[in-house]
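Dropping model38.cif in here (mmCIF, C-alpha atoms):
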data_query
loop_
_atom_site.label_atom_id
_atom_site.label_comp_id
_atom_site.auth_asym_id
_atom_site.auth_seq_id
_atom_site.Cartn_x
_atom_site.Cartn_y
_atom_site.Cartn_z
CA MET B 29 21.85 59.00 -57.57
CA THR B 30 23.22 62.41 -56.83
CA GLU B 31 20.60 65.13 -56.63
CA GLY B 32 19.56 67.46 -53.80
CA GLU B 33 16.19 67.29 -52.18
CA ARG B 34 13.93 69.74 -50.40
CA MET B 35 10.81 69.16 -48.35
CA SER B 36 8.21 71.38 -46.72
CA PRO B 37 7.85 70.90 -42.95
CA GLY B 38 4.12 70.31 -43.24
CA ARG B 39 4.09 67.63 -45.90
CA ARG B 40 2.80 64.12 -45.39
CA THR B 41 2.65 60.96 -47.42
CA VAL B 42 0.04 60.80 -50.15
CA LEU B 43 -1.19 57.54 -48.67
CA GLY B 44 -0.74 56.76 -45.01
CA ALA B 45 0.44 53.40 -43.72
CA ALA B 46 -3.16 52.32 -43.29
CA GLY B 47 -3.62 52.55 -47.05
CA ALA B 48 -0.58 50.50 -47.96
CA ALA B 49 -2.43 47.25 -48.46
CA VAL B 50 -4.94 48.88 -50.78
CA LEU B 51 -2.15 50.65 -52.65
CA GLY B 52 -0.21 47.45 -53.15
CA THR B 53 -3.19 45.85 -54.84
CA ALA B 54 -4.26 48.81 -56.93
CA ALA B 55 -0.83 49.85 -58.06
CA THR B 56 0.46 46.52 -59.23
CA GLY B 57 -2.42 45.34 -61.40
CA LEU B 58 -1.89 45.19 -65.16
CA ALA B 59 -4.05 47.20 -67.53
CA GLY B 60 -7.30 45.51 -68.48
CA ALA B 61 -7.01 42.41 -66.27
CA PRO B 62 -6.13 41.35 -62.73
CA ALA B 63 -2.43 40.66 -62.32
CA SER B 64 -1.19 37.25 -61.27
CA ALA B 65 1.22 36.96 -58.34
CA ALA B 66 4.07 36.37 -60.77
CA GLN B 67 3.16 39.44 -62.81
CA ARG B 68 2.90 41.57 -59.71
CA HIS B 69 6.13 40.56 -58.08
CA GLY B 70 8.45 39.22 -60.76
CA ASP B 71 8.31 35.65 -59.47
CA GLY B 72 7.84 34.03 -62.88
CA GLN B 73 10.49 32.43 -65.04
CA GLY B 74 11.44 35.67 -66.74
CA GLY B 75 12.82 37.44 -63.68
CA TYR B 76 12.74 41.21 -64.13
CA ARG B 77 10.71 40.87 -67.32
CA ASP B 78 7.79 39.83 -65.10
CA LEU B 79 7.70 43.11 -63.22
CA PRO B 80 4.66 45.26 -64.11
CA VAL B 81 5.60 48.06 -66.46
CA PRO B 82 6.12 50.73 -65.33
CA TYR B 83 7.48 49.49 -62.02
CA VAL B 84 8.53 51.64 -59.09
CA ILE B 85 11.99 51.65 -57.53
CA GLY B 86 12.05 53.00 -53.99
CA HIS B 87 14.92 55.50 -54.13
CA ARG B 88 17.18 54.90 -51.12
CA GLY B 89 14.09 53.26 -49.61
CA THR B 90 11.60 56.07 -49.12
CA ALA B 91 13.90 59.08 -48.90
CA GLY B 92 10.90 61.40 -49.04
CA TYR B 93 9.55 60.04 -45.77
CA ARG B 94 12.39 58.51 -43.74
CA PRO B 95 16.14 59.14 -43.39
CA GLU B 96 17.65 57.50 -46.46
CA HIS B 97 19.37 54.12 -46.46
CA THR B 98 18.04 52.92 -43.13
CA LEU B 99 16.11 49.75 -42.44
CA GLY B 100 13.21 52.03 -41.57
CA SER B 101 13.35 53.64 -45.00
CA TYR B 102 13.56 50.27 -46.74
CA GLN B 103 10.70 48.83 -44.69
CA HIS B 104 8.51 51.83 -45.40
CA ALA B 105 9.15 51.46 -49.13
CA LEU B 106 8.16 47.82 -48.94
CA ASP B 107 5.06 48.59 -46.87
CA LEU B 108 3.95 51.23 -49.38
CA GLY B 109 4.27 48.67 -52.17
CA ALA B 110 7.46 49.60 -54.02
CA HIS B 111 8.33 46.88 -56.52
CA VAL B 112 12.09 47.31 -56.05
CA ILE B 113 14.11 48.93 -53.24
CA GLU B 114 17.48 50.62 -53.75
CA GLN B 115 20.70 50.49 -51.71
CA ASP B 116 23.98 52.35 -52.32
CA LEU B 117 27.08 50.46 -51.21
CA VAL B 118 30.35 51.75 -49.75
CA PRO B 119 33.00 49.90 -47.70
CA THR B 120 34.26 50.22 -44.16
CA LYS B 121 37.93 50.19 -43.19
CA ASP B 122 37.71 46.46 -42.47
CA GLY B 123 36.01 45.64 -45.75
CA HIS B 124 32.32 45.38 -44.86
CA LEU B 125 29.77 46.85 -47.26
CA VAL B 126 27.38 49.36 -45.72
CA CYS B 127 24.43 51.26 -47.16
CA ARG B 128 25.15 54.98 -47.54
CA HIS B 129 24.63 57.22 -50.54
CA GLU B 130 28.21 58.45 -50.17
CA ASN B 131 31.27 57.43 -48.20
CA ASP B 132 31.14 60.91 -46.61
CA ILE B 133 28.83 60.35 -43.64
CA SER B 134 28.95 63.89 -42.23
CA ALA B 135 25.35 64.73 -43.16
CA THR B 136 23.74 61.30 -42.76
CA THR B 137 24.97 60.28 -39.31
CA ASN B 138 25.63 61.92 -35.95
CA VAL B 139 29.39 61.38 -36.30
CA SER B 140 30.09 65.06 -35.54
CA ASP B 141 28.54 64.52 -32.09
CA HIS B 142 31.18 61.89 -31.24
CA PRO B 143 34.32 63.60 -29.85
CA GLU B 144 36.22 60.31 -30.03
CA PHE B 145 36.04 60.55 -33.82
CA ALA B 146 36.91 64.25 -34.19
CA SER B 147 40.41 63.41 -35.44
CA ARG B 148 38.97 61.29 -38.25
CA LYS B 149 37.68 64.38 -40.08
CA ALA B 150 39.65 64.73 -43.29
CA THR B 151 39.71 66.26 -46.74
CA LYS B 152 39.79 63.77 -49.60
CA THR B 153 39.47 63.93 -53.35
CA VAL B 154 36.78 61.54 -54.55
CA ASP B 155 36.18 61.32 -58.29
CA GLY B 156 38.03 64.59 -58.78
CA VAL B 157 36.11 66.52 -56.11
CA ALA B 158 37.65 67.67 -52.81
CA ILE B 159 35.38 66.79 -49.88
CA THR B 160 35.87 67.49 -46.18
CA GLY B 161 34.13 65.21 -43.72
CA TRP B 162 34.13 61.78 -42.16
CA PHE B 163 34.42 58.76 -44.46
CA THR B 164 33.29 55.16 -44.06
CA GLU B 165 36.66 53.81 -45.17
CA ASP B 166 38.23 55.33 -42.04
CA PHE B 167 35.93 53.44 -39.66
CA THR B 168 35.69 49.78 -38.75
CA LEU B 169 32.20 48.34 -38.85
CA ALA B 170 32.15 48.17 -35.06
CA GLU B 171 32.97 51.88 -34.87
CA LEU B 172 30.41 52.77 -37.52
CA LYS B 173 27.74 50.87 -35.60
CA THR B 174 28.15 53.28 -32.67
CA LEU B 175 26.71 56.03 -34.88
CA ARG B 176 23.06 56.73 -35.64
CA ALA B 177 21.53 57.75 -38.95
CA LYS B 178 19.83 61.09 -39.44
CA GLU B 179 18.03 63.07 -42.13
CA ARG B 180 20.50 64.41 -44.68
CA ILE B 181 18.63 67.63 -45.54
CA PRO B 182 16.70 68.61 -42.38
CA GLY B 183 16.03 72.14 -43.59
CA ASN B 184 13.99 70.76 -46.46
CA ARG B 185 12.57 67.54 -45.03
CA GLN B 186 12.03 68.62 -41.47
CA HIS B 187 9.41 65.94 -40.88
CA ASN B 188 12.06 63.27 -41.41
CA THR B 189 14.06 64.57 -38.46
CA LEU B 190 11.46 62.90 -36.26
CA TYR B 191 13.35 59.69 -37.01
CA ASP B 192 16.87 61.00 -36.35
CA GLY B 193 18.76 58.51 -34.21
CA ARG B 194 16.18 55.75 -34.58
CA TRP B 195 18.25 53.52 -36.87
CA ASP B 196 21.91 52.75 -37.37
CA VAL B 197 23.82 52.36 -40.63
CA PRO B 198 22.84 48.96 -42.08
CA THR B 199 25.26 46.59 -43.71
CA PHE B 200 24.44 45.15 -47.09
CA GLU B 201 24.28 41.71 -45.52
CA GLU B 202 21.74 42.95 -42.97
CA VAL B 203 19.60 44.21 -45.85
CA LEU B 204 19.89 40.87 -47.64
CA ARG B 205 18.80 39.09 -44.46
CA TRP B 206 15.96 41.57 -44.06
CA ALA B 207 14.82 40.85 -47.63
CA GLU B 208 14.83 37.11 -46.89
CA GLU B 209 12.78 37.62 -43.72
CA GLN B 210 10.28 39.89 -45.45
CA GLY B 211 10.06 37.47 -48.35
CA ARG B 212 9.07 34.67 -45.99
CA ARG B 213 6.55 36.94 -44.27
CA LEU B 214 4.93 38.04 -47.51
CA GLY B 215 5.33 34.80 -49.44
CA ARG B 216 7.19 36.41 -52.34
CA ARG B 217 10.62 37.54 -53.41
CA ILE B 218 11.80 41.01 -52.43
CA TRP B 219 13.45 42.93 -55.25
CA LEU B 220 16.56 45.00 -54.52
CA HIS B 221 18.58 47.45 -56.63
CA SER B 222 22.19 47.87 -55.42
CA GLU B 223 24.72 50.46 -56.56
CA THR B 224 28.49 50.28 -56.36
CA LYS B 225 29.54 53.81 -55.35
CA HIS B 226 32.86 55.26 -56.54
CA PRO B 227 34.29 51.85 -57.49
CA THR B 228 37.45 53.22 -59.13
CA TYR B 229 38.20 55.33 -56.05
CA PHE B 230 37.74 52.39 -53.70
CA ARG B 231 39.79 50.09 -55.90
CA GLY B 232 42.55 52.67 -55.72
CA ILE B 233 42.66 52.57 -51.91
CA GLY B 234 42.61 48.79 -51.70
CA LEU B 235 38.89 48.32 -51.02
CA PRO B 236 37.46 47.01 -54.32
CA LEU B 237 33.70 46.58 -54.25
CA GLU B 238 32.81 44.04 -56.91
CA ASN B 239 34.09 40.83 -55.35
CA ARG B 240 32.56 41.77 -52.01
CA VAL B 241 29.19 42.39 -53.69
CA ALA B 242 29.39 39.13 -55.67
CA THR B 243 30.29 37.09 -52.59
CA LEU B 244 27.21 38.28 -50.74
CA LEU B 245 24.95 37.81 -53.75
CA ARG B 246 26.09 34.20 -54.05
CA ARG B 247 25.64 33.64 -50.32
CA TYR B 248 22.02 34.76 -50.53
CA GLY B 249 21.17 33.17 -53.89
CA ARG B 250 20.99 36.47 -55.78
CA HIS B 251 23.70 35.71 -58.31
CA ARG B 252 21.55 34.20 -61.05
CA ALA B 253 19.95 35.82 -64.08
CA ASP B 254 16.46 35.34 -62.63
CA ALA B 255 17.40 36.73 -59.21
CA PRO B 256 15.10 39.43 -57.77
CA HIS B 257 17.94 41.90 -57.90
CA PHE B 258 19.48 44.62 -60.06
CA LEU B 259 23.04 45.85 -59.84
CA GLU B 260 23.84 49.42 -60.86
CA SER B 261 26.79 51.75 -61.21
CA PHE B 262 27.72 55.05 -62.85
CA GLU B 263 30.98 53.37 -63.88
CA PRO B 264 30.49 50.92 -66.77
CA SER B 265 33.69 49.06 -65.88
CA SER B 266 32.21 48.17 -62.49
CA ILE B 267 29.19 46.59 -64.19
CA GLN B 268 31.53 44.76 -66.57
CA ARG B 269 33.48 43.37 -63.61
CA LEU B 270 30.28 42.31 -61.88
CA SER B 271 28.96 40.66 -65.05
CA ARG B 272 32.02 38.37 -65.02
CA LEU B 273 31.34 37.38 -61.41
CA VAL B 274 27.55 36.94 -61.28
CA ASP B 275 24.59 36.74 -63.67
CA THR B 276 22.48 39.19 -61.67
CA PRO B 277 20.73 41.71 -63.97
CA SER B 278 22.63 44.98 -64.15
CA VAL B 279 22.02 48.60 -65.11
CA VAL B 280 24.50 51.25 -66.25
CA LEU B 281 23.60 54.62 -64.72
CA LEU B 282 23.98 57.65 -66.97
CA SER B 283 24.49 61.16 -65.63
CA ASN B 284 23.82 64.42 -67.43
CA ALA B 285 24.55 65.02 -71.09
CA GLY B 286 28.16 65.99 -71.69
CA THR B 287 29.48 64.36 -68.53
CA LYS B 288 31.91 61.46 -68.42
CA PRO B 289 31.95 58.39 -66.14
CA TRP B 290 34.84 58.63 -63.70
CA ASP B 291 36.35 55.34 -64.83
CA PHE B 292 36.45 56.78 -68.36
CA VAL B 293 38.30 59.82 -67.03
CA VAL B 294 40.87 57.63 -65.28
CA ALA B 295 41.28 55.31 -68.27
CA GLY B 296 41.50 58.15 -70.79
CA ASP B 297 38.40 56.93 -72.62
CA PRO B 298 37.23 59.86 -74.78
CA ARG B 299 33.55 58.91 -74.72
CA THR B 300 30.95 60.87 -72.78
CA VAL B 301 27.35 60.16 -71.83
CA ASP B 302 26.41 61.68 -75.20
CA ASP B 303 28.22 58.81 -76.91
CA LEU B 304 26.72 56.16 -74.64
CA VAL B 305 23.13 57.18 -75.44
CA GLU B 306 23.74 56.84 -79.17
CA PRO B 307 22.77 53.49 -80.79
CA ALA B 308 26.41 52.35 -80.91
CA GLY B 309 26.92 53.17 -77.24
CA LEU B 310 23.71 51.42 -76.25
CA LYS B 311 24.72 48.36 -78.24
CA TRP B 312 28.00 48.30 -76.33
CA ILE B 313 26.17 48.54 -72.99
CA ALA B 314 23.81 45.75 -74.04
CA SER B 315 26.80 43.45 -74.53
CA TYR B 316 27.23 43.18 -70.75
CA ALA B 317 24.20 44.82 -69.05
CA GLN B 318 20.42 44.52 -69.15
CA GLY B 319 19.45 48.14 -68.73
CA ILE B 320 20.35 51.78 -68.34
CA GLY B 321 19.47 54.28 -65.62
CA PRO B 322 19.52 57.71 -67.29
CA THR B 323 18.62 61.02 -65.72
CA LEU B 324 15.08 62.05 -66.57
CA ASP B 325 16.60 64.93 -68.55
CA LEU B 326 18.04 62.39 -70.99
CA ILE B 327 14.47 61.17 -71.57
CA ILE B 328 12.89 64.62 -71.91
CA PRO B 329 15.26 67.61 -71.81
CA LYS B 330 14.25 70.90 -70.22
CA ASP B 331 14.58 74.37 -71.71
CA ALA B 332 16.21 77.34 -69.98
CA SER B 333 13.04 77.98 -67.96
CA GLY B 334 12.92 74.43 -66.65
CA ARG B 335 9.98 73.38 -68.80
CA LEU B 336 9.94 70.08 -70.64
CA THR B 337 10.73 70.02 -74.34
CA ARG B 338 10.39 67.12 -76.80
CA PRO B 339 11.36 63.58 -75.76
CA THR B 340 14.60 62.23 -77.16
CA THR B 341 14.81 58.90 -78.98
CA LEU B 342 16.59 57.27 -76.03
CA VAL B 343 13.69 55.04 -74.97
CA ARG B 344 13.17 53.74 -78.49
CA ASP B 345 16.89 53.29 -79.10
CA ALA B 346 17.51 51.49 -75.81
CA HIS B 347 14.56 49.16 -76.31
CA ALA B 348 15.88 48.35 -79.79
CA GLN B 349 18.98 46.96 -78.05
CA GLY B 350 16.89 44.97 -75.56
CA LEU B 351 17.68 47.30 -72.67
CA VAL B 352 15.20 48.34 -69.98
CA LEU B 353 15.20 51.93 -68.74
CA HIS B 354 15.26 52.92 -65.05
CA PRO B 355 15.44 56.76 -65.11
CA TYR B 356 15.96 58.82 -61.96
CA THR B 357 14.68 60.56 -59.83
CA MET B 358 11.04 61.57 -59.37
CA ARG B 359 10.15 63.59 -56.28
CA ASN B 360 6.93 65.31 -55.28
CA GLU B 361 8.29 68.72 -54.34
CA ASN B 362 8.05 71.73 -56.66
CA THR B 363 11.79 72.29 -56.58
CA PHE B 364 12.46 68.93 -58.24
CA LEU B 365 9.60 68.97 -60.74
CA PRO B 366 9.73 70.42 -64.24
CA ALA B 367 8.43 73.98 -64.24
CA ASP B 368 5.32 72.79 -66.10
CA PHE B 369 4.17 70.91 -63.00
CA ARG B 370 5.06 73.25 -60.16
CA ARG B 371 2.16 74.63 -58.13
CA GLY B 372 2.41 77.81 -56.06
CA THR B 373 5.57 79.56 -54.93
CA ASP B 374 6.76 77.31 -52.08
CA PRO B 375 9.65 75.26 -53.49
CA ASN B 376 9.12 72.59 -50.83
CA ALA B 377 5.37 72.19 -51.37
CA TYR B 378 4.09 69.33 -53.48
CA GLY B 379 3.42 70.13 -57.11
CA ASP B 380 1.56 68.18 -59.78
CA ALA B 381 3.68 65.06 -59.44
CA PHE B 382 0.96 62.93 -61.03
CA GLY B 383 1.05 65.06 -64.15
CA ALA B 384 4.82 64.70 -64.35
CA PHE B 385 4.65 60.94 -63.87
CA LYS B 386 2.07 60.65 -66.63
CA THR B 387 4.29 62.57 -69.03
CA TYR B 388 7.38 60.50 -68.29
CA PHE B 389 5.51 57.18 -68.36
CA ALA B 390 4.11 58.09 -71.79
CA THR B 391 7.64 57.90 -73.20
CA GLY B 392 7.67 54.14 -72.64
CA ILE B 393 10.14 53.93 -69.75
CA ASP B 394 10.11 50.60 -67.92
CA ALA B 395 10.47 51.95 -64.38
CA VAL B 396 11.30 55.03 -62.36
CA PHE B 397 13.24 55.80 -59.21
CA SER B 398 11.11 57.78 -56.79
CA ASP B 399 11.54 59.18 -53.28
CA ASN B 400 7.76 58.87 -52.88
CA ALA B 401 6.80 55.30 -53.69
CA ASP B 402 3.12 55.75 -52.89
CA THR B 403 2.71 58.59 -55.39
CA ALA B 404 4.66 56.70 -58.04
CA LEU B 405 2.59 53.55 -57.55
CA LEU B 406 -0.71 55.38 -57.91
CA ALA B 407 0.58 57.13 -61.02
CA ALA B 408 1.75 53.81 -62.50
CA ALA B 409 -1.65 52.23 -61.81
CA ASP B 410 -3.38 55.17 -63.50
CA PHE B 411 -1.09 54.79 -66.51
CA ARG B 412 -1.81 51.08 -66.89
CA ARG B 413 -5.56 51.75 -66.82
CA ARG B 414 -5.41 54.38 -69.56
#
Could the structure of this file be written out as structure tokens, please?
Amino acid sequence: MTEGERMSPGRRTVLGAAGAAVLGTAATGLAGAPASAAQRHGDGQGGYRDLPVPYVIGHRGTAGYRPEHTLGSYQHALDLGAHVIEQDLVPTKDGHLVCRHENDISATTNVSDHPEFASRKATKTVDGVAITGWFTEDFTLAELKTLRAKERIPGNRQHNTLYDGRWDVPTFEEVLRWAEEQGRRLGRRIWLHSETKHPTYFRGIGLPLENRVATLLRRYGRHRADAPHFLESFEPSSIQRLSRLVDTPSVVLLSNAGTKPWDFVVAGDPRTVDDLVEPAGLKWIASYAQGIGPTLDLIIPKDASGRLTRPTTLVRDAHAQGLVLHPYTMRNENTFLPADFRRGTDPNAYGDAFGAFKTYFATGIDAVFSDNADTALLAAADFRRR
């Protein structure tokens, strides 16, 4: 997902690590009855249909509490009880997949502190946008592993800078191995949600993503329809390519109204997101994918003051096509909440996130991406008990 974040220096998690075990039990039970292990963790025959609705997707791990896309962020999401944990995938120069939100690693690693890589700084046009920085495709994996991850927005999430330098940039295969290890430790499958980033761009420079993703999914047994895994992309053609390679459930991400997927721009496809959220567009998506990941504004638009208006028919229309909905992204801070749920004047202070969750869950969404898995899990548990 592509949205900014801000965080007050004094914030803390809603539940500390000591409460994780309690949270995992409370947040995953189904309304009116105790949940079975299969219902809690999607280990039944139906795959993702076994996940408790609404389920929580740890956005980039726990981006609200740890530097994003690190093993520390993923582990913290798991420890808090997130049902599914997200990775974004980009390639290195030598073709390895690594977990970064963007191929520009200027803000998420200490690359600028490495004089030996100063000459690698470049300006590139990615999906029509000129960007100056350092890019994963200009580094071998060995070179990238000499760098350390850091908080992307330290001015807003100052607390997260405590962990700067603690972890390196993980490969996708390292995350798959981590999921296997944690699955053995916990006695259940670990659900992942993996995004192909800028697939048309990478295909254009000779580093296509889809076959690399599929190869690793097959290696780790995550290529089947009942695998504990979702694939995602903002480019429908990437999901179509993946659907021909593996049976892993997939989700087409949808940006703001009026925008156009980059692969549509390149191919001259006249459709926009507005067309894709219509019944005909959703039917087309359902022919090769199992879900959509719309912005929350496509679920409930905001007015000019930032307050929520009336829900659209997107949830109903998507469900009519058999699609699940994974909207993004819920965060606790005032600056990211609808104006209805902001509290006080500090944009980085926590607002009424529980009120916002309740409103969005009431639309019938199946899941939500959240930077704050603990808050989302408590809100989901409250919603199931209503």
Got a sec to resolve the PyMOL selection byres ((chain B and resi 266) around 12) on this structure and send the residues as a PyMOL selection string?
chain B and resi 223-231+236-239+241-242+259-265+267-273+278-281+289-292+316-317
For a test of reading the model, state the distance in Å between CA of Ile320 (chain B) and CA of Leu353 (chain B), rounded to one decimal.
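For CA of Ile320 (chain B) relative to CA of Leu353 (chain B), the distance reads 5.2 Å.
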Evaluate the PyMOL selection byres ((chain B and resi 370) around 10) against this structure - the residues, as number ranges by chain, please.
B: 335, 360-369, 371-375, 377-381, 383-384
For Val396 (chain B), find every residue with an atom within 12 Å (counting only C-alpha atoms), except residues of its own chain fewer than 6 positions away, and show them as a compact mmCIF listing (two decimals) with C-alpha atoms, in the frame of the given file.
# COMPACT_ATOMS: atom_id res chain seq x y z
CA PRO B 80 4.66 45.26 -64.11
CA VAL B 81 5.60 48.06 -66.46
CA PRO B 82 6.12 50.73 -65.33
CA TYR B 83 7.48 49.49 -62.02
CA VAL B 84 8.53 51.64 -59.09
CA ILE B 85 11.99 51.65 -57.53
CA GLY B 86 12.05 53.00 -53.99
CA HIS B 87 14.92 55.50 -54.13
CA ALA B 110 7.46 49.60 -54.02
CA HIS B 111 8.33 46.88 -56.52
CA VAL B 112 12.09 47.31 -56.05
CA ILE B 113 14.11 48.93 -53.24
CA GLU B 114 17.48 50.62 -53.75
CA HIS B 221 18.58 47.45 -56.63
CA ILE B 320 20.35 51.78 -68.34
CA GLY B 321 19.47 54.28 -65.62
CA PRO B 322 19.52 57.71 -67.29
CA THR B 323 18.62 61.02 -65.72
CA LEU B 324 15.08 62.05 -66.57
CA ILE B 327 14.47 61.17 -71.57
CA VAL B 352 15.20 48.34 -69.98
CA LEU B 353 15.20 51.93 -68.74
CA HIS B 354 15.26 52.92 -65.05
CA PRO B 355 15.44 56.76 -65.11
CA TYR B 356 15.96 58.82 -61.96
CA THR B 357 14.68 60.56 -59.83
CA MET B 358 11.04 61.57 -59.37
CA ARG B 359 10.15 63.59 -56.28
CA ALA B 384 4.82 64.70 -64.35
CA PHE B 385 4.65 60.94 -63.87
CA LYS B 386 2.07 60.65 -66.63
CA TYR B 388 7.38 60.50 -68.29
CA PHE B 389 5.51 57.18 -68.36
CA THR B 403 2.71 58.59 -55.39
CA ALA B 404 4.66 56.70 -58.04
CA LEU B 405 2.59 53.55 -57.55
CA ALA B 407 0.58 57.13 -61.02
CA ALA B 408 1.75 53.81 -62.50
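Here the residues that fall within 9 Å of (14.8, 43.5, -44.8), using all atoms listed in the file, are given as Leu99, Tyr102, Gln103, Leu106, Glu202, Val203, Leu204, Arg205, Trp206, Ala207, Glu208, Glu209, Gln210, Gly211 and Ile218 of chain B.
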Which one is closest to Thr153 (chain B): B:Pro119, B:Gly75, B:Gly232, B:Gly89? Count all atoms listed in the file.
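Once distances to Thr153 (chain B) are computed over all atoms listed in the file, the minimum belongs to B:Gly232.
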Can you spell out as a ChimeraX atom specification the set of residues that the PyMOL selection byres ((chain B and resi 129-137) around 7) selects in the structure I just provided?
/B:116,118,127-128,138-140,161-164,175-180
Writing out the chosen residues with C-alpha atoms as a short mmCIF file (atom, residue, chain, number, x, y, z; two decimals), keeping the file's coordinate frame:
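Here's the written file selection14.cif:
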data_model
loop_
_atom_site.label_atom_id
_atom_site.label_comp_id
_atom_site.auth_asym_id
_atom_site.auth_seq_id
_atom_site.Cartn_x
_atom_site.Cartn_y
_atom_site.Cartn_z
CA ASP B 116 23.98 52.35 -52.32
CA VAL B 118 30.35 51.75 -49.75
CA CYS B 127 24.43 51.26 -47.16
CA ARG B 128 25.15 54.98 -47.54
CA ASN B 138 25.63 61.92 -35.95
CA VAL B 139 29.39 61.38 -36.30
CA SER B 140 30.09 65.06 -35.54
CA GLY B 161 34.13 65.21 -43.72
CA TRP B 162 34.13 61.78 -42.16
CA PHE B 163 34.42 58.76 -44.46
CA THR B 164 33.29 55.16 -44.06
CA LEU B 175 26.71 56.03 -34.88
CA ARG B 176 23.06 56.73 -35.64
CA ALA B 177 21.53 57.75 -38.95
CA LYS B 178 19.83 61.09 -39.44
CA GLU B 179 18.03 63.07 -42.13
CA ARG B 180 20.50 64.41 -44.68
#
Anything within 10 Å of (23.6, 61.0, -74.9): list those residues as a ChimeraX atom specification, counting all atoms listed in the file and sticking to the file's coordinates.
/B:282-287,300-307,309-310,322,326-327,340-342
Atom-to-atom span, CA of Asp345 (chain B) and CA of Arg77 (chain B), Å:
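Result for CA of Asp345 (chain B) versus CA of Arg77 (chain B): 18.2 Å, one decimal.
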Straight-line distance linking CA of Asp166 (chain B) with CA of Lys121 (chain B), stated in Å to one decimal
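Rounded to one decimal, the two atoms are 5.3 Å apart.
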Determine the nearest neighbour of Thr168 (chain B) from the options B:His124, B:Arg414, B:Lys311, B:Arg88, counting all atoms listed in the file.
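Of B:His124, B:Arg414, B:Lys311, B:Arg88, the one nearest Thr168 (chain B) is B:His124, counting all atoms listed in the file.
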Write out as a list of chain:residue names each polymer residue whose atoms come within 6 Å of Ser101 (chain B), counting all atoms listed in the file; drop sequence neighbours fewer than 4 positions from it.
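In the requested form, the answer reads B:Gly89, B:Thr90, B:Arg94, B:Glu96.
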Restricting it to C-alpha atoms, dump the selection as an mmCIF file, in the frame of the given file.
data_model
loop_
_atom_site.group_PDB
_atom_site.id
_atom_site.type_symbol
_atom_site.label_atom_id
_atom_site.label_comp_id
_atom_site.auth_asym_id
_atom_site.auth_seq_id
_atom_site.Cartn_x
_atom_site.Cartn_y
_atom_site.Cartn_z
ATOM 1 C CA GLY B 89 14.090 53.260 -49.610
ATOM 2 C CA THR B 90 11.600 56.070 -49.120
ATOM 3 C CA ARG B 94 12.390 58.510 -43.740
ATOM 4 C CA GLU B 96 17.650 57.500 -46.460
#
Got a sec: who's within 10 Å of Thr174 (chain B), counting only C-alpha atoms, leaving out chain neighbours fewer than 4 positions off, as a ChimeraX atom specification?
/B:138-139,142,169-170,196-197
Selection above as a file: C-alpha atoms, as a short mmCIF file (atom, residue, chain, number, x, y, z; two decimals), in the frame of the given file:
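Wrote it out as out-v4.cif, contents follow:
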data_model
loop_
_atom_site.label_atom_id
_atom_site.label_comp_id
_atom_site.auth_asym_id
_atom_site.auth_seq_id
_atom_site.Cartn_x
_atom_site.Cartn_y
_atom_site.Cartn_z
CA ASN B 138 25.63 61.92 -35.95
CA VAL B 139 29.39 61.38 -36.30
CA HIS B 142 31.18 61.89 -31.24
CA LEU B 169 32.20 48.34 -38.85
CA ALA B 170 32.15 48.17 -35.06
CA ASP B 196 21.91 52.75 -37.37
CA VAL B 197 23.82 52.36 -40.63
#
